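Here's the structure we're looking at; comments come further down.
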Amino acid sequence: MQVVQKQLSGCSQLTAAKKKAEVFSEVEAAKYDFGVAVDRMVTSFASPAIRPAKGLPRGIDARRFRAGRIHMLYEAAMRTQGRPLCLAAAERLLKLEKDSTVLFLTGVLHPVFFPKGETDGPPGVVGLARALNLGLGLRPVILSEAATSDIMRQASASMGLSGRWDRKMGPRPRSADVMSFPVTDVATTQKEVKKLLDKLNPSAVVAIERKGRNTKGEYHSVLGTPRGAFEAKLDYVTEEANNRGILTIGIGDNGNEIGFGNIIDDVKKIQMFGELCQCPCKGGIATVVKTDLLIPASTSNWGAYGIEACVAFLLGRGSLMHDSEVEKRVLEGIANLGCGDGATIETTPTCDGTGKASLYLVDFLKSLVDQNLETKTREF
Ligand SMILES: [Zn+2]
């Protein structure tokens, strides 16, 4: 942004005060336009439609099944927030104190389908973690179940961050720490969450593709099946952070993830199993867990990449946005350890059945950052 500001000053014949106002508005416009472009890219509907094995439930409006639900979730979030979502999140992260901890929550776990988790989540975490670490000097800590700690370490290393700190010697530059949280009951979870936040004292908690409970306290897959027995209740971390006034951000792609409590009524209307799930709780998949900022994206990774692009743009450093070569390395690294595609459960280097779209997206975002950091003079 400083680059844009510098180029814009000196190109006007106005008085100093007027010039300042003019420059400010052009810089603001540049930010806003960039934010809109990024939001549109990361909410382009690229996932295949998912059909339950037993077919669509009786009486379900087919639009809930096919009609690009992500743009509806996005529009609902925009109605509550009013500023391009990835840009707004990046602006808040830029204000955090250097050397403070950013706690990331991610991971999907199912003993049969996803014993090593899903490829949506960890890549988004490490992409954003790298930009925050290199760009702002923040210290990322990634929290998941112990069963997927190796996935988080692999994703970090593939992204260029060392996977671990030596806790006695202190944090290493260009690193992300990985911690695990037990799969346990609500009372123990709440106790452990308080201890964890006391210890880490994070300046922000960012949940990327991490489930939040519904009105009945149950957790669900997008197709309304119960998942609470297999995963840690990390949504209590977000809620405790909310209580402590710590910045919270939620990124998801369906409405069952942490943050969608901000637009729970919309999720109930938009999602196939939003109101009524396929499990005995009958409470639907829509979560009650809120965050300061919510970012719906086509796949959760993409929402994180959108923030990453905005951080790179606002800091005037295109190198903070990773490219398709690195993206491929991350996806291959975690798939080779058994991480599965959320749409197919195959251990392929793809995310939510979108094929090569993630590779194209990060290169497009990187190009968008680079092009927008320059103002071209047209002399004809
Ligand atoms: Zn249920």
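The way I read the labels, and the way they are meant: chains A, B, ... in the order of the structure tokens, residue 1 as the first residue of every chain, and ligand 1 as the first ligand shown, with later ones counted on from there.
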Problem - Selection as a PyMOL selection string: residues within 12 Å of ligand 1 by only C-alpha atoms and all ligand atoms - result: chain A and resi 213-228+256+273-287
Practice task
Write out as a PyMOL selection string which residues come within 12 Å of range 313-316 of chain A when counting only C-alpha atoms, dropping same-chain ones fewer than 3 positions away.
Solution key: chain A and resi 1-6+27-28+30-35+38+86-95+131-132+134-136+306-310+319-321+365-374
Practice task
Please identify all polymer residues within 6 Å of Gly261 in chain A, counting only C-alpha atoms, omitting same-chain residues fewer than 3 positions from it, and present them as number ranges by chain.
Solution key: A: 264, 287-290
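Reported to one decimal place, the separation of CA of Leu103 in chain A from CA of Arg172 in chain A is 16.4 Å.
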Run DSSP on the backbone and grab whatever in range 50-199 of chain A lands in strand (DSSP E or B); send it over as a PDB file with C-alpha atoms, in the first residue's frame.
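So selection.pdb came out as:
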ATOM      1  CA  THR A 101       0.703 -15.731  18.981  1.00  0.00           C
ATOM      2  CA  VAL A 102      -1.972 -16.495  16.387  1.00  0.00           C
ATOM      3  CA  LEU A 103      -3.727 -19.739  17.251  1.00  0.00           C
ATOM      4  CA  PHE A 104      -5.073 -21.717  14.271  1.00  0.00           C
ATOM      5  CA  LEU A 105      -7.779 -24.360  14.693  1.00  0.00           C
ATOM      6  CA  HIS A 110     -13.068 -39.736  11.207  1.00  0.00           C
ATOM      7  CA  PHE A 114     -10.518 -39.490   7.352  1.00  0.00           C
ATOM      8  CA  GLU A 118      -8.868 -33.793   4.996  1.00  0.00           C
ATOM      9  CA  ARG A 139       3.892 -16.597  15.830  1.00  0.00           C
ATOM     10  CA  PRO A 140       1.573 -19.271  14.468  1.00  0.00           C
ATOM     11  CA  VAL A 141       0.480 -22.211  16.609  1.00  0.00           C
ATOM     12  CA  ILE A 142      -1.640 -24.909  14.926  1.00  0.00           C
ATOM     13  CA  LEU A 143      -4.054 -26.887  17.095  1.00  0.00           C
ATOM     14  CA  SER A 144      -5.680 -30.184  16.059  1.00  0.00           C
ATOM     15  CA  SER A 162       9.783 -25.383  10.176  1.00  0.00           C
ATOM     16  CA  ASP A 166      12.213 -25.854  20.725  1.00  0.00           C
ATOM     17  CA  GLY A 170      12.124 -20.182  22.203  1.00  0.00           C
ATOM     18  CA  SER A 175       8.276 -21.526  11.979  1.00  0.00           C
ATOM     19  CA  ASP A 177       4.335 -24.720  16.278  1.00  0.00           C
ATOM     20  CA  VAL A 178       1.963 -27.681  16.305  1.00  0.00           C
ATOM     21  CA  MET A 179      -0.024 -28.669  19.383  1.00  0.00           C
ATOM     22  CA  SER A 180      -2.710 -31.274  20.020  1.00  0.00           C
TER      23      SER A 180
END
Practice task
Write out as JSON, numbers by chain which residues come within 8 Å of Ile270 in chain A when counting only C-alpha atoms, dropping same-chain ones fewer than 2 positions away.
Solution key: {"A": [64, 69, 72, 73, 266, 267, 268, 272, 274]}
Problem - Option closest in space to Val36 in chain A, from A:Gly127, A:Gly82, A:Gly55, A:Pro111 [counting only C-alpha atoms] - result: A:Gly82
Need the shell around Lys194 in chain A: protein/DNA/RNA residues with any atom at most 9 Å away, counting only C-alpha atoms. Skip same-chain ones fewer than 5 positions apart. Format as a PDB file with N, CA and C atoms, in the first residue's frame?
ATOM      1  N   THR A 189     -13.035 -30.382  28.287  1.00  0.00           N
ATOM      2  CA  THR A 189     -12.647 -29.474  27.205  1.00  0.00           C
ATOM      3  C   THR A 189     -12.569 -28.037  27.721  1.00  0.00           C
ATOM      4  N   LYS A 199      -1.953 -20.053  28.842  1.00  0.00           N
ATOM      5  CA  LYS A 199      -0.551 -20.328  28.510  1.00  0.00           C
ATOM      6  C   LYS A 199      -0.105 -19.585  27.249  1.00  0.00           C
ATOM      7  N   VAL A 237     -12.645 -23.304  22.141  1.00  0.00           N
ATOM      8  CA  VAL A 237     -11.484 -22.396  22.121  1.00  0.00           C
ATOM      9  C   VAL A 237     -11.923 -21.042  21.562  1.00  0.00           C
ATOM     10  N   GLU A 240     -14.198 -19.239  24.112  1.00  0.00           N
ATOM     11  CA  GLU A 240     -13.446 -18.663  25.234  1.00  0.00           C
ATOM     12  C   GLU A 240     -12.657 -17.435  24.756  1.00  0.00           C
TER      13      GLU A 240
END
Exercise for the section: Assign secondary structure with DSSP using the backbone only, and return the residues of range 141-334 of chain A in alpha helix (DSSP H) as a VMD selection string. Expected result: chain A and resid 149 to 159 186 to 200 235 to 243 264 to 270 300 to 315 324 to 334
